[in-house]
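Q: Before I ask anything, here is the structure I am working with.
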Amino acid sequence: LKYPVFIPGVPRALEKEDHLFECIAAGDILVHHPYQSFSPVIEMLEQASLDPDVVAIKQTVYRTGTDSVLMKYLIAAAQKGKEVTVVVELLARFDEEANLNWATRLEEVGAHVVYGVVGYKTHAKMLMVVRRERGALRRYVHLATGNYHPRTARLYTDFGLFTANEAVGRDVDEAFKQLSGDDKKVATELRKQNKAEREGQGAFDWGSGGVAVMPPKKMAADVGHLRDLPEDTVNE
């Protein structure tokens with residue numbers, strides 16, 4: 001006996017995929033993989049690579065595979081003269097060789113390739129498209145818990161958020177600036193934040209609701225592939 005083939009759906013807000021940026025501009029869209037299709041993510045990058053109004057594309061790459069259609073669209077965008085920045089993580093276990101090959105191909109067509117932050121894995125999943133609209137620039141963002149990998153998106157449970165929210169766009173833009181700029185400064189900020197969290201001094205910024213300080217209470221987490229930190233890091 002076999003289960004019937006599962007066909008993931010597409011959120012109603014993304015049914016008009018021919019005009020994906022219009023859909024995102026109309027409001028935030030949350031997708032739940034693998035129950036909902038990964039195709040809008042691919043479509044977003046494809047449309048961005050072809051759209052003459054798109055001036056820049058920035059993306060983080062952790063695990064994407066050896067035959068990634070997403071990487072091919074990034075290469076095509078760079079060949080068309082768009083500003084393409086890709087943060088490639090070379091320490092993605094089992095995908096080191098594939099990521100290095102993609103990084104080389106991206107550099108060959110003029111993309112700006114960044115190899116993450118020294119001493120850390122860049123595990124964030126971010127895609128930002130900067131588009132010229134009515135004489136101004138607008139940022140379109142996709143944030144996700146899962147990798148930019150069409151095959152694993154059909155297997156693993158993850159969330160993805162499409163948004164044109166200005167505040168989110170500014171934050172993502174700032175993150176890319178830090179990742180592609182002074183990585184020593186980024187590492188220093190990360191160490192400060194990690195130390196504060198270990199000492200129970202972390203805080204969550206809830207935007208218009210103010211800042212809610214995290215109390216020293218119990219926390220439940222679903223994690224994988226844990227490893228021990230170096231002794232000098234633990235004792236900072």
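Identifiers in the structure tokens: chain A, B, ... in order shown; residue index from 1 per chain; ligand index from 1 in order shown.
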Per DSSP on the backbone, what are the strand (DSSP E or B) residues of range 51-154 of chain A, as a PyMOL selection string?
A: chain A and resi 54-61+83-88+112-114+125-133+136-144
Q: Would you save the residues from that selection as an mmCIF file, in the first residue's frame, using N, CA and C atoms?
A:
```cif
data_model
loop_
_atom_site.group_PDB
_atom_site.id
_atom_site.type_symbol
_atom_site.label_atom_id
_atom_site.label_comp_id
_atom_site.auth_asym_id
_atom_site.auth_seq_id
_atom_site.Cartn_x
_atom_site.Cartn_y
_atom_site.Cartn_z
ATOM 1 N N VAL A 54 13.955 45.755 -11.118
ATOM 2 C CA VAL A 54 14.719 45.244 -9.972
ATOM 3 C C VAL A 54 16.172 45.669 -10.131
ATOM 4 N N VAL A 55 16.701 46.331 -9.104
ATOM 5 C CA VAL A 55 18.074 46.832 -9.180
ATOM 6 C C VAL A 55 19.047 46.008 -8.345
ATOM 7 N N ALA A 56 18.543 45.277 -7.339
ATOM 8 C CA ALA A 56 19.458 44.515 -6.480
ATOM 9 C C ALA A 56 18.762 43.302 -5.896
ATOM 10 N N ILE A 57 19.534 42.238 -5.714
ATOM 11 C CA ILE A 57 19.055 41.013 -5.069
ATOM 12 C C ILE A 57 20.119 40.588 -4.059
ATOM 13 N N LYS A 58 19.694 40.301 -2.832
ATOM 14 C CA LYS A 58 20.627 39.837 -1.803
ATOM 15 C C LYS A 58 20.052 38.580 -1.157
ATOM 16 N N GLN A 59 20.902 37.570 -0.959
ATOM 17 C CA GLN A 59 20.404 36.309 -0.424
ATOM 18 C C GLN A 59 21.485 35.606 0.380
ATOM 19 N N THR A 60 21.050 34.904 1.422
ATOM 20 C CA THR A 60 21.945 34.019 2.164
ATOM 21 C C THR A 60 21.762 32.602 1.625
ATOM 22 N N VAL A 61 22.857 31.857 1.554
ATOM 23 C CA VAL A 61 22.808 30.478 1.061
ATOM 24 C C VAL A 61 23.496 29.572 2.070
ATOM 25 N N GLU A 83 22.673 44.253 -9.264
ATOM 26 C CA GLU A 83 23.576 44.090 -8.128
ATOM 27 C C GLU A 83 23.160 42.845 -7.350
ATOM 28 N N VAL A 84 24.009 41.851 -7.350
ATOM 29 C CA VAL A 84 23.703 40.582 -6.675
ATOM 30 C C VAL A 84 24.719 40.340 -5.568
ATOM 31 N N THR A 85 24.225 40.187 -4.351
ATOM 32 C CA THR A 85 25.069 39.880 -3.195
ATOM 33 C C THR A 85 24.596 38.560 -2.602
ATOM 34 N N VAL A 86 25.519 37.628 -2.415
ATOM 35 C CA VAL A 86 25.176 36.314 -1.880
ATOM 36 C C VAL A 86 26.110 35.977 -0.724
ATOM 37 N N VAL A 87 25.526 35.707 0.428
ATOM 38 C CA VAL A 87 26.303 35.262 1.584
ATOM 39 C C VAL A 87 26.291 33.738 1.572
ATOM 40 N N VAL A 88 27.424 33.145 1.235
ATOM 41 C CA VAL A 88 27.533 31.690 1.093
ATOM 42 C C VAL A 88 28.220 31.109 2.320
ATOM 43 N N HIS A 112 28.667 39.749 -5.968
ATOM 44 C CA HIS A 112 29.455 39.968 -4.753
ATOM 45 C C HIS A 112 29.204 38.794 -3.813
ATOM 46 N N VAL A 113 30.218 37.962 -3.611
ATOM 47 C CA VAL A 113 30.081 36.770 -2.775
ATOM 48 C C VAL A 113 30.786 36.992 -1.449
ATOM 49 N N VAL A 114 30.079 36.730 -0.365
ATOM 50 C CA VAL A 114 30.627 36.865 0.981
ATOM 51 C C VAL A 114 30.609 35.486 1.633
ATOM 52 N N LYS A 125 18.116 32.571 6.967
ATOM 53 C CA LYS A 125 17.561 32.381 5.621
ATOM 54 C C LYS A 125 16.869 33.674 5.207
ATOM 55 N N MET A 126 17.546 34.473 4.398
ATOM 56 C CA MET A 126 17.026 35.784 4.011
ATOM 57 C C MET A 126 17.192 35.993 2.508
ATOM 58 N N LEU A 127 16.164 36.561 1.901
ATOM 59 C CA LEU A 127 16.199 36.955 0.497
ATOM 60 C C LEU A 127 15.575 38.337 0.399
ATOM 61 N N MET A 128 16.294 39.277 -0.195
ATOM 62 C CA MET A 128 15.772 40.636 -0.342
ATOM 63 C C MET A 128 15.905 41.098 -1.793
ATOM 64 N N VAL A 129 14.817 41.613 -2.318
ATOM 65 C CA VAL A 129 14.787 42.161 -3.676
ATOM 66 C C VAL A 129 14.490 43.650 -3.571
ATOM 67 N N VAL A 130 15.341 44.462 -4.191
ATOM 68 C CA VAL A 130 15.138 45.914 -4.183
ATOM 69 C C VAL A 130 14.633 46.312 -5.561
ATOM 70 N N ARG A 131 13.451 46.933 -5.564
ATOM 71 C CA ARG A 131 12.773 47.226 -6.822
ATOM 72 C C ARG A 131 12.465 48.722 -6.931
ATOM 73 N N ARG A 132 12.632 49.270 -8.114
ATOM 74 C CA ARG A 132 12.326 50.677 -8.354
ATOM 75 C C ARG A 132 10.838 50.814 -8.676
ATOM 76 N N GLU A 133 10.139 51.594 -7.857
ATOM 77 C CA GLU A 133 8.701 51.782 -8.049
ATOM 78 C C GLU A 133 8.337 53.250 -7.868
ATOM 79 N N ALA A 136 10.924 55.620 -6.501
ATOM 80 C CA ALA A 136 11.551 55.295 -5.213
ATOM 81 C C ALA A 136 11.935 53.814 -5.200
ATOM 82 N N LEU A 137 12.731 53.435 -4.217
ATOM 83 C CA LEU A 137 13.140 52.038 -4.081
ATOM 84 C C LEU A 137 12.314 51.368 -2.997
ATOM 85 N N ARG A 138 11.854 50.139 -3.277
ATOM 86 C CA ARG A 138 11.078 49.394 -2.304
ATOM 87 C C ARG A 138 11.706 48.018 -2.109
ATOM 88 N N ARG A 139 11.762 47.579 -0.862
ATOM 89 C CA ARG A 139 12.361 46.289 -0.535
ATOM 90 C C ARG A 139 11.281 45.223 -0.378
ATOM 91 N N TYR A 140 11.513 44.078 -1.008
ATOM 92 C CA TYR A 140 10.658 42.907 -0.847
ATOM 93 C C TYR A 140 11.501 41.816 -0.201
ATOM 94 N N VAL A 141 10.972 41.211 0.857
ATOM 95 C CA VAL A 141 11.777 40.300 1.667
ATOM 96 C C VAL A 141 11.108 38.945 1.821
ATOM 97 N N HIS A 142 11.921 37.905 1.811
ATOM 98 C CA HIS A 142 11.466 36.574 2.201
ATOM 99 C C HIS A 142 12.365 36.105 3.333
ATOM 100 N N LEU A 143 11.758 35.747 4.461
ATOM 101 C CA LEU A 143 12.473 35.207 5.611
ATOM 102 C C LEU A 143 11.966 33.795 5.864
ATOM 103 N N ALA A 144 12.857 32.890 6.248
ATOM 104 C CA ALA A 144 12.433 31.500 6.381
ATOM 105 C C ALA A 144 13.186 30.779 7.487
#
```
Q: Go through range 119-164 of chain A and flag each residue having an atom no more than 12 Å from range 178-181 of chain A; for those, report the closest pair of atoms plus their distance in Å to one decimal, using only C-alpha atoms, ordered by chain and rising number, as CSV.
A:
```
residue,atom,partner,partner_atom,distance
A:Tyr120,CA,A:Leu179,CA,11.2
A:Lys121,CA,A:Leu179,CA,11.3
A:Thr122,CA,A:Leu179,CA,8.8
A:His123,CA,A:Leu179,CA,11.8
A:Ala124,CA,A:Leu179,CA,10.9
A:Met126,CA,A:Leu179,CA,11.8
```
Q: Using only C-alpha atoms, which residues sit within 12 Å of Glu22 in chain A once same-chain residues fewer than 5 positions away are excluded, as a list in words?
A: Ala13, Leu14, Glu15, Lys16, Glu17, Gly27, Asp28, Ile29, Met44, Gln47, Arg131, Glu133, Arg138, Tyr140, Phe162, Thr163 and Ala164 of chain A
Q: Write the selection just made, keeping N, CA and C atoms, as a compact mmCIF listing (two decimals), in the first residue's frame?
A:
```txt
# COMPACT_ATOMS: atom_id res chain seq x y z
N ALA A 13 -3.46 34.21 -1.36
CA ALA A 13 -2.85 35.52 -1.63
C ALA A 13 -1.77 35.46 -2.70
N LEU A 14 -1.29 34.25 -3.02
CA LEU A 14 -0.24 34.10 -4.01
C LEU A 14 -0.73 33.39 -5.28
N GLU A 15 -2.03 33.31 -5.43
CA GLU A 15 -2.57 32.62 -6.60
C GLU A 15 -2.19 33.32 -7.90
N LYS A 16 -2.03 34.65 -7.84
CA LYS A 16 -1.61 35.40 -9.03
C LYS A 16 -0.09 35.51 -9.04
N GLU A 17 0.60 34.38 -9.22
CA GLU A 17 2.05 34.35 -9.15
C GLU A 17 2.71 35.13 -10.29
N GLY A 27 0.15 42.80 1.23
CA GLY A 27 0.14 42.36 2.63
C GLY A 27 1.07 41.19 2.88
N ASP A 28 1.48 41.02 4.12
CA ASP A 28 2.36 39.91 4.49
C ASP A 28 1.72 38.57 4.17
N ILE A 29 2.55 37.61 3.74
CA ILE A 29 2.05 36.28 3.39
C ILE A 29 2.93 35.24 4.08
N MET A 44 9.65 34.14 -7.02
CA MET A 44 10.10 35.47 -6.60
C MET A 44 11.49 35.77 -7.17
N GLN A 47 11.28 36.05 -11.14
CA GLN A 47 10.74 37.34 -11.58
C GLN A 47 11.73 38.47 -11.31
N ARG A 131 13.45 46.93 -5.56
CA ARG A 131 12.77 47.23 -6.82
C ARG A 131 12.47 48.72 -6.93
N GLU A 133 10.14 51.59 -7.86
CA GLU A 133 8.70 51.78 -8.05
C GLU A 133 8.34 53.25 -7.87
N ARG A 138 11.85 50.14 -3.28
CA ARG A 138 11.08 49.39 -2.30
C ARG A 138 11.71 48.02 -2.11
N TYR A 140 11.51 44.08 -1.01
CA TYR A 140 10.66 42.91 -0.85
C TYR A 140 11.50 41.82 -0.20
N PHE A 162 6.73 36.22 3.34
CA PHE A 162 6.92 37.23 2.29
C PHE A 162 6.40 38.56 2.83
N THR A 163 7.19 39.61 2.73
CA THR A 163 6.73 40.88 3.25
C THR A 163 7.40 42.05 2.51
N ALA A 164 6.67 43.16 2.44
CA ALA A 164 7.22 44.41 1.93
C ALA A 164 7.22 45.45 3.05
```
Q: Give me the residues within 8 Å of range 38-42 of chain A as an MDAnalysis selection string, counting only C-alpha atoms and dropping any in the same chain fewer than 2 places off.
A: chainID A and resid 14 17 20 33:34 36 44:46 69:70 142 150 153:154
Q: Enter the distance from CA of Leu90 in chain A to CA of Tyr62 in chain A, in Å, rounded to one decimal.
A: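 So the answer is 7.8 Å.
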Q: Between A:Glu43, A:Asp53, A:Asp67, A:Glu174, which one has atoms that come closest to Arg151 in chain A, using only C-alpha atoms?
A: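 Ranked by minimum distance to Arg151 in chain A, first place goes to A:Asp67.
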Q: For a test of reading the model, state the distance in Å between CA of Tyr115 in chain A and CA of Ala103 in chain A, rounded to one decimal.
A: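 CA of Tyr115 in chain A sits 8.6 Å away from CA of Ala103 in chain A.
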Q: Measuring between only C-alpha atoms, which one of A:Val109, A:Ala25, A:Val117, A:Met71 shows the shortest distance to Ala175 in chain A?
A: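 Closest residue, counting only C-alpha atoms: A:Val117.
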Q: With only C-alpha atoms as the basis for distance, which of A:Pro52, A:Glu97, A:Leu155, A:Ala77 is at the shortest distance from Phe6 in chain A?
A: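 With only C-alpha atoms as the atom set, the closest residue is A:Leu155.
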